[in-house]
Amino acid sequence: AAQDYPTAVSLLLVCKEVRLWILPVLYTTVVLTSSNAIIRFFRGLMQDAGPNPTSPILAPLVRHLWMGPIGRSPTPGFPKAFEVNDGYWSSADLQLYSTSWPITMMHQILSSCTSLRSLAILNLGQNNWSHLEGVIPTTLESLWLGPIHGPLILKNFRHHPRLRTITSIDTYMRDDEVKDIVLSPHCRVFRRAYIRSPQAVEYAFQQLPCVAQSSTLEEMRIELHGIAGDDAWEARLKQLEEKYLPFCLDKRVKIVVRPEAQTQGIFRTIFRDWQLETLSSESMVNSYIVYFV
């Protein structure tokens, strides 16, 4: 069953005894692509945590969690086990600034997922992030937010997770936010992805000097999505690299153009990167990505 998703699900339905060893396989990585998915997942967690649970509580089994849209269609090149119908990949109702986000339930989900290592929340309105940052679990190592996420202030994380990788998507960040992340003794990779945002990209270049002050950061990555083949944008990027050359010469600074975003969009590109990260941290024969829609 560890290598056969349909068989694993069938066994769950007909044999209670196997739940003890199948549920950890199924719930390692969870993708929630709509408000209804978040609500159903929340209800499942609460039901499982009832007074007389017949299996391990589900929430602590979750190590990787994605909430938000993931694109329009499956990513080519991934194993058949991870291909799903187009409906799973639609943006559903979780649009930026949508009132459909069930913030209270998300708060309780994050409070319950005490073994979480990787969390991605895409399209959450910037004013809603402050309601969730206080319950980010201690175990979290990788955080993905955007576009236009709220202030990312490490001291506001009450449980003090040792974040090793932070991905910020298409967001202006204050100098103090960037500096605190870069100088964090735990952060190894700080990734900033942009979708044709000239002013925001230049601000990111202006904030590169703080990299020199860090002795622990391994990579400061500025990614540009959707500019491949755009002569004006490529010329502008070259100007920025020349203008901030002393800071770009730091080997930890990576300026990357992502051409695949031209055809598949930044959400699919980011989701694919998140998949690769989660799959590399878990044995593919011992875990699945479970999609809720």
# chains A, B, ... in the order shown; residues from 1 in each chain; ligands from 1
>>> residues_around(residues="Leu245 (chain A)", least_positions_apart="4", cutoff="12 Å", atoms="only C-alpha atoms", output="MDAnalysis selection string")
chainID A and resid 205:206 208:209 237:241 249:251 253 255
>>> residues_around(residues="Val135 (chain A)", least_positions_apart="4", cutoff="9 Å", atoms="only C-alpha atoms", output="NGL selection string")
:A and (107-108 or 110-111 or 131 or 157-159)
>>> select_by_dssp(residues="region 33-261 of chain A", states="alpha helix (DSSP H)", output="PyMOL selection string")
chain A and resi 35-48+103-112+175-182+198-206+231-243+245-248+261
>>> closest_residue(among="A:Leu145, A:Leu163, A:Ile289, A:Ile153", to="Arg63 (chain A)", atoms="only C-alpha atoms")
A:Ile289
>>> residues_around(residues="Pro60 (chain A)", least_positions_apart="4", cutoff="6 Å", atoms="only C-alpha atoms", output="mmCIF file with C-alpha atoms, in the first residue's frame")
data_model
loop_
_atom_site.group_PDB
_atom_site.id
_atom_site.type_symbol
_atom_site.label_atom_id
_atom_site.label_comp_id
_atom_site.auth_asym_id
_atom_site.auth_seq_id
_atom_site.Cartn_x
_atom_site.Cartn_y
_atom_site.Cartn_z
ATOM 1 C CA CYS A 113 -0.036 20.466 13.038
ATOM 2 C CA THR A 114 2.762 20.308 15.565
ATOM 3 C CA SER A 115 5.169 18.385 13.302
#
>>> residues_around(residues="Leu217 (chain A)", least_positions_apart="2", cutoff="8 Å", atoms="only C-alpha atoms", output="PyMOL selection string")
chain A and resi 182-183+185+187-190+211+214-215+219-220+252
>>> residues_around(residues="Phe267 (chain A)", least_positions_apart="2", cutoff="9 Å", atoms="only C-alpha atoms", output="list in words")
Pro69, Ile70, Gly71, Arg72, Leu122, Ala261, Gln264, Gly265, Thr269, Ile270, Phe271 and Arg272 of chain A
>>> closest_residue(among="A:Ser112, A:Gln262, A:Ser142, A:Gln213", to="Ile195 (chain A)", atoms="only C-alpha atoms")
A:Gln262
>>> select_by_dssp(residues="region 101-186 of chain A", states="strand (DSSP E or B)", output="number ranges by chain")
A: 118-122, 142-146, 165-169
>>> closest_residue(among="A:Asp170, A:Asp230, A:Glu141, A:Asp93", to="Ile266 (chain A)", atoms="only C-alpha atoms")
A:Asp170
>>> atom_distance(atom1="CA of Asp231 (chain A)", atom2="CA of Ile169 (chain A)")
23.0 Å
>>> residues_around(residues="Arg258 (chain A)", least_positions_apart="6", cutoff="9 Å", atoms="only C-alpha atoms", output="mmCIF file with all heavy atoms, in the first residue's frame")
data_model
loop_
_atom_site.group_PDB
_atom_site.id
_atom_site.type_symbol
_atom_site.label_atom_id
_atom_site.label_comp_id
_atom_site.auth_asym_id
_atom_site.auth_seq_id
_atom_site.Cartn_x
_atom_site.Cartn_y
_atom_site.Cartn_z
ATOM 1 N N GLU A 223 14.527 35.949 -7.949
ATOM 2 C CA GLU A 223 14.005 35.279 -9.140
ATOM 3 C C GLU A 223 13.062 36.208 -9.889
ATOM 4 O O GLU A 223 12.225 36.872 -9.287
ATOM 5 C CB GLU A 223 13.235 34.014 -8.760
ATOM 6 C CG GLU A 223 14.093 32.883 -8.267
ATOM 7 C CD GLU A 223 13.286 31.609 -8.058
ATOM 8 O OE1 GLU A 223 12.066 31.619 -8.361
ATOM 9 O OE2 GLU A 223 13.860 30.619 -7.591
ATOM 10 N N LEU A 224 13.184 36.210 -11.208
ATOM 11 C CA LEU A 224 12.286 36.992 -12.045
ATOM 12 C C LEU A 224 11.500 36.044 -12.938
ATOM 13 O O LEU A 224 12.085 35.289 -13.720
ATOM 14 C CB LEU A 224 13.069 38.003 -12.877
ATOM 15 C CG LEU A 224 13.689 39.128 -12.036
ATOM 16 C CD1 LEU A 224 15.130 38.790 -11.693
ATOM 17 C CD2 LEU A 224 13.614 40.452 -12.747
ATOM 18 N N HIS A 225 10.192 36.099 -12.801
ATOM 19 C CA HIS A 225 9.298 35.218 -13.547
ATOM 20 C C HIS A 225 8.583 36.005 -14.636
ATOM 21 O O HIS A 225 8.073 37.094 -14.396
ATOM 22 C CB HIS A 225 8.261 34.602 -12.606
ATOM 23 C CG HIS A 225 8.847 33.699 -11.574
ATOM 24 N ND1 HIS A 225 8.656 32.336 -11.579
ATOM 25 C CD2 HIS A 225 9.634 33.956 -10.497
ATOM 26 C CE1 HIS A 225 9.287 31.793 -10.549
ATOM 27 N NE2 HIS A 225 9.889 32.760 -9.872
ATOM 28 N N GLY A 226 8.546 35.442 -15.827
ATOM 29 C CA GLY A 226 7.763 36.045 -16.897
ATOM 30 C C GLY A 226 8.469 37.120 -17.692
ATOM 31 O O GLY A 226 7.815 37.893 -18.389
ATOM 32 N N ILE A 227 9.806 37.201 -17.610
ATOM 33 C CA ILE A 227 10.500 38.245 -18.368
ATOM 34 C C ILE A 227 11.334 37.680 -19.511
ATOM 35 O O ILE A 227 11.888 38.445 -20.297
ATOM 36 C CB ILE A 227 11.411 39.091 -17.461
ATOM 37 C CG1 ILE A 227 12.657 38.295 -17.042
ATOM 38 C CG2 ILE A 227 10.661 39.604 -16.253
ATOM 39 C CD1 ILE A 227 13.754 39.165 -16.479
ATOM 40 N N ALA A 228 11.447 36.356 -19.599
ATOM 41 C CA ALA A 228 12.270 35.755 -20.647
ATOM 42 C C ALA A 228 11.773 36.199 -22.023
ATOM 43 O O ALA A 228 10.580 36.122 -22.321
ATOM 44 C CB ALA A 228 12.240 34.234 -20.540
ATOM 45 N N ILE A 266 3.463 31.637 -12.629
ATOM 46 C CA ILE A 266 4.318 31.593 -11.439
ATOM 47 C C ILE A 266 3.770 30.633 -10.387
ATOM 48 O O ILE A 266 4.535 29.974 -9.678
ATOM 49 C CB ILE A 266 4.506 33.003 -10.835
ATOM 50 C CG1 ILE A 266 5.574 32.952 -9.726
ATOM 51 C CG2 ILE A 266 3.192 33.567 -10.326
ATOM 52 C CD1 ILE A 266 5.983 34.298 -9.197
ATOM 53 N N THR A 269 4.865 27.244 -11.231
ATOM 54 C CA THR A 269 6.315 27.164 -11.066
ATOM 55 C C THR A 269 6.678 27.046 -9.589
ATOM 56 O O THR A 269 7.495 26.204 -9.196
ATOM 57 C CB THR A 269 6.994 28.408 -11.670
ATOM 58 O OG1 THR A 269 6.618 28.531 -13.045
ATOM 59 C CG2 THR A 269 8.506 28.309 -11.564
#
>>> residues_around(residues="Asp176 (chain A)", least_positions_apart="2", cutoff="12 Å", atoms="only C-alpha atoms", output="list in words")
Pro151, Leu152, Ile153, Leu154, Lys155, Tyr172, Met173, Arg174, Val178, Lys179, Asp180, Ile181, Val182, Leu183, Ser184, Gln207 and Cys210 of chain A
>>> closest_residue(among="A:Ile22, A:Ile57, A:Ala120, A:Ile39", to="Ile103 (chain A)", atoms="only C-alpha atoms")
A:Ile39
>>> closest_residue(among="A:Glu260, A:Leu65, A:Ser35, A:Arg40", to="Thr99 (chain A)", atoms="only C-alpha atoms")
A:Ser35
>>> atom_distance(atom1="CA of Thr104 (chain A)", atom2="CA of Met46 (chain A)")
13.3 Å
